[in-house]
Amino acid sequence: MHQSEDSRRIQRSALFAGVAAFVAWGLAPAYWKLLKSVPPLEILAHRFVWTVIFLGILLAWQRRWPEVVQNLRSRRLRERLSPWQLASILIASAGVLFLTFGYGRFPWVAVALCLTFGVYGLLRKQSGTRAISGVFIESIFLFPIALGYLLWLGQRGKIAFSPAHLSLSLLLVATGVVTAMPLVWFGYAARNLRLVTIGFLQYLAPTGSFFLGVFAYHEPFTRQHLITFLLIWIALAIVSAEAVLRWRTNVRAPSPILPEPPRVESTI
């Protein structure tokens with residue numbers, strides 16, 4: 001049975017949202033460099049505080065507070081890989097392994113980030129929570145700790161956020177938007193796309209950071225990096241082509257003609 005027009009539209013918008021999220025995360029280091037004079041822990045606290053405030057205002061404006069208090073829905077998640085998707089995963093894995101052996105030691109931090117973010121994507125998909133309310137709920141738990149830490153810094157006179165540093169303070173306020181919007185986009189994509197697709201979209205973030213590092217900040221680029229990125233992008237091209245072909249097949253598939261239900265004469 002072919003997909004309905006609404007389903008295709010949702011998947012297209014979810015794909016755009018996923019691309020936007022990972023591209024934003026890939027380019028985010030350029031923004032954080034503007035805050036290099038602020039201690040990282042204070043930046044983290046500001047991100048939690050202003051994310052909650054920004055999303056709270058957005059939820060109030062859209063009158064979606066009842067959404068926050070709804071019970072989270074659970075759903076099954078069982079995805080099967082097509083042969084092309086399996087091949088692309090193997091190619092991308094070969095690229096990562098090549099860079100790992102050339103690096104000389106196992107990248108524990110990078111692998112841990114991938115695994116934890118993959119688990120986060122799975123939980124976001126299974127929860128069924130809508131994007132904005134989901135990110136708000138996730139952020140609200142650490143809001144008191146972050147706010148308390150900022151108040152403690154303010155009492156000790158060691159906080160960077162102050163009227164004396166207006167431009168820096170505005171950048172800190174904007175961390176709420178910079179943090180929240182990619183998470184909102186990712187939440188929407190995770191609910192409506194397959195996790196296989198989300199997994200490959202994750203490569204957009206390090207690719208964006210790669211372009212920033214090489215072309216904007218002139219960081220060293222070795223042959224191992226070149227081979228790794230070529231293998232990863234070949235894998236992405238394969239899975240993208242397979243997805244496009246599958247989508248075109250669904251679009252062209254004729255609509256099934258359902259048999260007319262038998263008429264039942266009323267006995268009343």
# chains A, B, ... in the order shown; residues from 1 in each chain; ligands from 1
>>> residues_around(residues="A:Val49", least_positions_apart="2", cutoff="12 Å", atoms="only C-alpha atoms", output="number ranges by chain")
A: 42-47, 51-56, 136, 139-151, 172-177, 179-180
>>> write_last_selection(atoms="N, CA and C atoms", output="compact mmCIF listing (two decimals), in the first residue's frame")
# COMPACT_ATOMS: atom_id res chain seq x y z
N GLU A 42 29.72 27.62 33.46
CA GLU A 42 28.74 28.71 33.46
C GLU A 42 27.94 28.73 32.16
N ILE A 43 28.61 28.46 31.04
CA ILE A 43 27.90 28.39 29.76
C ILE A 43 26.85 27.28 29.80
N LEU A 44 27.22 26.14 30.35
CA LEU A 44 26.28 25.02 30.45
C LEU A 44 25.07 25.39 31.30
N ALA A 45 25.31 26.06 32.41
CA ALA A 45 24.20 26.48 33.27
C ALA A 45 23.29 27.46 32.55
N HIS A 46 23.87 28.41 31.83
CA HIS A 46 23.07 29.37 31.06
C HIS A 46 22.23 28.65 30.01
N ARG A 47 22.80 27.64 29.38
CA ARG A 47 22.06 26.92 28.35
C ARG A 47 20.80 26.27 28.91
N THR A 51 17.20 27.88 27.93
CA THR A 51 16.40 26.94 27.14
C THR A 51 15.02 26.75 27.75
N VAL A 52 14.97 26.56 29.07
CA VAL A 52 13.68 26.40 29.75
C VAL A 52 12.83 27.66 29.59
N ILE A 53 13.44 28.83 29.75
CA ILE A 53 12.69 30.08 29.63
C ILE A 53 12.18 30.27 28.21
N PHE A 54 13.03 30.03 27.23
CA PHE A 54 12.64 30.19 25.82
C PHE A 54 11.50 29.25 25.45
N LEU A 55 11.64 27.97 25.80
CA LEU A 55 10.60 27.01 25.46
C LEU A 55 9.33 27.25 26.26
N GLY A 56 9.47 27.70 27.51
CA GLY A 56 8.29 28.03 28.31
C GLY A 56 7.48 29.15 27.67
N PHE A 136 11.39 20.55 26.59
CA PHE A 136 11.12 21.31 27.82
C PHE A 136 11.13 20.40 29.04
N SER A 139 14.65 19.40 29.94
CA SER A 139 15.48 20.48 30.47
C SER A 139 15.06 20.93 31.86
N ILE A 140 13.79 20.78 32.20
CA ILE A 140 13.26 21.34 33.44
C ILE A 140 13.86 20.67 34.67
N PHE A 141 14.32 19.42 34.52
CA PHE A 141 14.84 18.70 35.68
C PHE A 141 16.15 19.31 36.18
N LEU A 142 16.96 19.84 35.28
CA LEU A 142 18.24 20.43 35.69
C LEU A 142 18.15 21.94 35.83
N PHE A 143 16.97 22.50 35.58
CA PHE A 143 16.81 23.94 35.70
C PHE A 143 17.13 24.47 37.10
N PRO A 144 16.63 23.85 38.18
CA PRO A 144 16.94 24.38 39.53
C PRO A 144 18.44 24.35 39.84
N ILE A 145 19.12 23.28 39.43
CA ILE A 145 20.56 23.18 39.70
C ILE A 145 21.31 24.25 38.94
N ALA A 146 20.96 24.44 37.65
CA ALA A 146 21.64 25.44 36.83
C ALA A 146 21.39 26.85 37.36
N LEU A 147 20.13 27.14 37.72
CA LEU A 147 19.81 28.47 38.25
C LEU A 147 20.51 28.71 39.58
N GLY A 148 20.52 27.70 40.44
CA GLY A 148 21.22 27.84 41.72
C GLY A 148 22.70 28.09 41.54
N TYR A 149 23.31 27.42 40.58
CA TYR A 149 24.74 27.62 40.33
C TYR A 149 25.02 29.05 39.85
N LEU A 150 24.15 29.57 38.97
CA LEU A 150 24.34 30.94 38.49
C LEU A 150 24.14 31.95 39.61
N LEU A 151 23.16 31.72 40.47
CA LEU A 151 22.97 32.61 41.62
C LEU A 151 24.16 32.57 42.56
N LEU A 172 24.92 35.00 25.90
CA LEU A 172 24.57 33.96 26.86
C LEU A 172 23.06 33.71 26.87
N VAL A 173 22.28 34.78 26.75
CA VAL A 173 20.82 34.60 26.67
C VAL A 173 20.44 33.81 25.42
N ALA A 174 21.12 34.11 24.32
CA ALA A 174 20.81 33.44 23.05
C ALA A 174 21.20 31.97 23.06
N THR A 175 22.00 31.53 24.06
CA THR A 175 22.32 30.11 24.12
C THR A 175 21.06 29.27 24.30
N GLY A 176 20.01 29.85 24.85
CA GLY A 176 18.76 29.12 24.98
C GLY A 176 18.18 28.74 23.63
N VAL A 177 18.21 29.70 22.68
CA VAL A 177 17.72 29.42 21.33
C VAL A 177 18.67 28.47 20.60
N THR A 179 20.59 26.29 21.82
CA THR A 179 20.48 24.94 22.38
C THR A 179 19.14 24.29 22.07
N ALA A 180 18.06 25.05 22.18
CA ALA A 180 16.72 24.47 22.10
C ALA A 180 16.32 24.11 20.68
>>> residues_around(residues="stretch 207-215 of chain A", least_positions_apart="5", cutoff="10 Å", atoms="only C-alpha atoms", output="PyMOL selection string")
chain A and resi 22-30+202+220-221+225+229+232-233
>>> write_last_selection(atoms="C-alpha atoms", output="JSON list (two decimals), in the first residue's frame")
[["chain", "number", "residue", "atom", "x", "y", "z"],
["A", 22, "PHE", "CA", 22.69, 18.27, 12.66],
["A", 23, "VAL", "CA", 23.90, 21.11, 10.46],
["A", 24, "ALA", "CA", 23.25, 23.50, 13.33],
["A", 25, "TRP", "CA", 25.18, 21.26, 15.72],
["A", 26, "GLY", "CA", 28.01, 21.04, 13.22],
["A", 27, "LEU", "CA", 28.29, 24.83, 12.95],
["A", 28, "ALA", "CA", 27.69, 25.50, 16.65],
["A", 29, "PRO", "CA", 31.42, 25.53, 17.57],
["A", 30, "ALA", "CA", 31.69, 28.87, 15.77],
["A", 202, "GLN", "CA", 24.40, 12.39, 12.53],
["A", 220, "PRO", "CA", 45.54, 20.13, 10.13],
["A", 221, "PHE", "CA", 43.90, 17.68, 7.71],
["A", 225, "HIS", "CA", 40.84, 12.18, 7.57],
["A", 229, "PHE", "CA", 35.33, 11.22, 5.05],
["A", 232, "ILE", "CA", 31.47, 8.02, 5.10],
["A", 233, "TRP", "CA", 30.11, 10.14, 2.26]]
>>> residues_around(residues="A:Val19", least_positions_apart="5", cutoff="9 Å", atoms="only C-alpha atoms", output="tab-separated table (two decimals) with C-alpha atoms, in the first residue's frame")
chain	number	residue	atom	x	y	z
A	14	ALA	CA	11.00	15.54	9.41
A	24	ALA	CA	23.25	23.50	13.33
A	185	TRP	CA	14.18	19.83	15.24
A	186	PHE	CA	15.86	16.58	16.28
A	189	ALA	CA	12.79	14.12	13.18
A	201	LEU	CA	22.11	12.25	9.49
A	202	GLN	CA	24.40	12.39	12.53
A	204	LEU	CA	26.31	15.99	9.08
>>> closest_residue(among="A:Ala216, A:Arg191, A:Leu183, A:Glu138", to="A:Ala20", atoms="only C-alpha atoms")
A:Leu183
>>> residues_around(residues="A:Arg64", least_positions_apart="5", cutoff="10 Å", atoms="only C-alpha atoms", output="PyMOL selection string")
chain A and resi 56+58-59+69+132-133
>>> closest_residue(among="A:Leu166, A:Ile198, A:Leu226, A:Ala60", to="A:Ala21", atoms="only C-alpha atoms")
A:Ile198
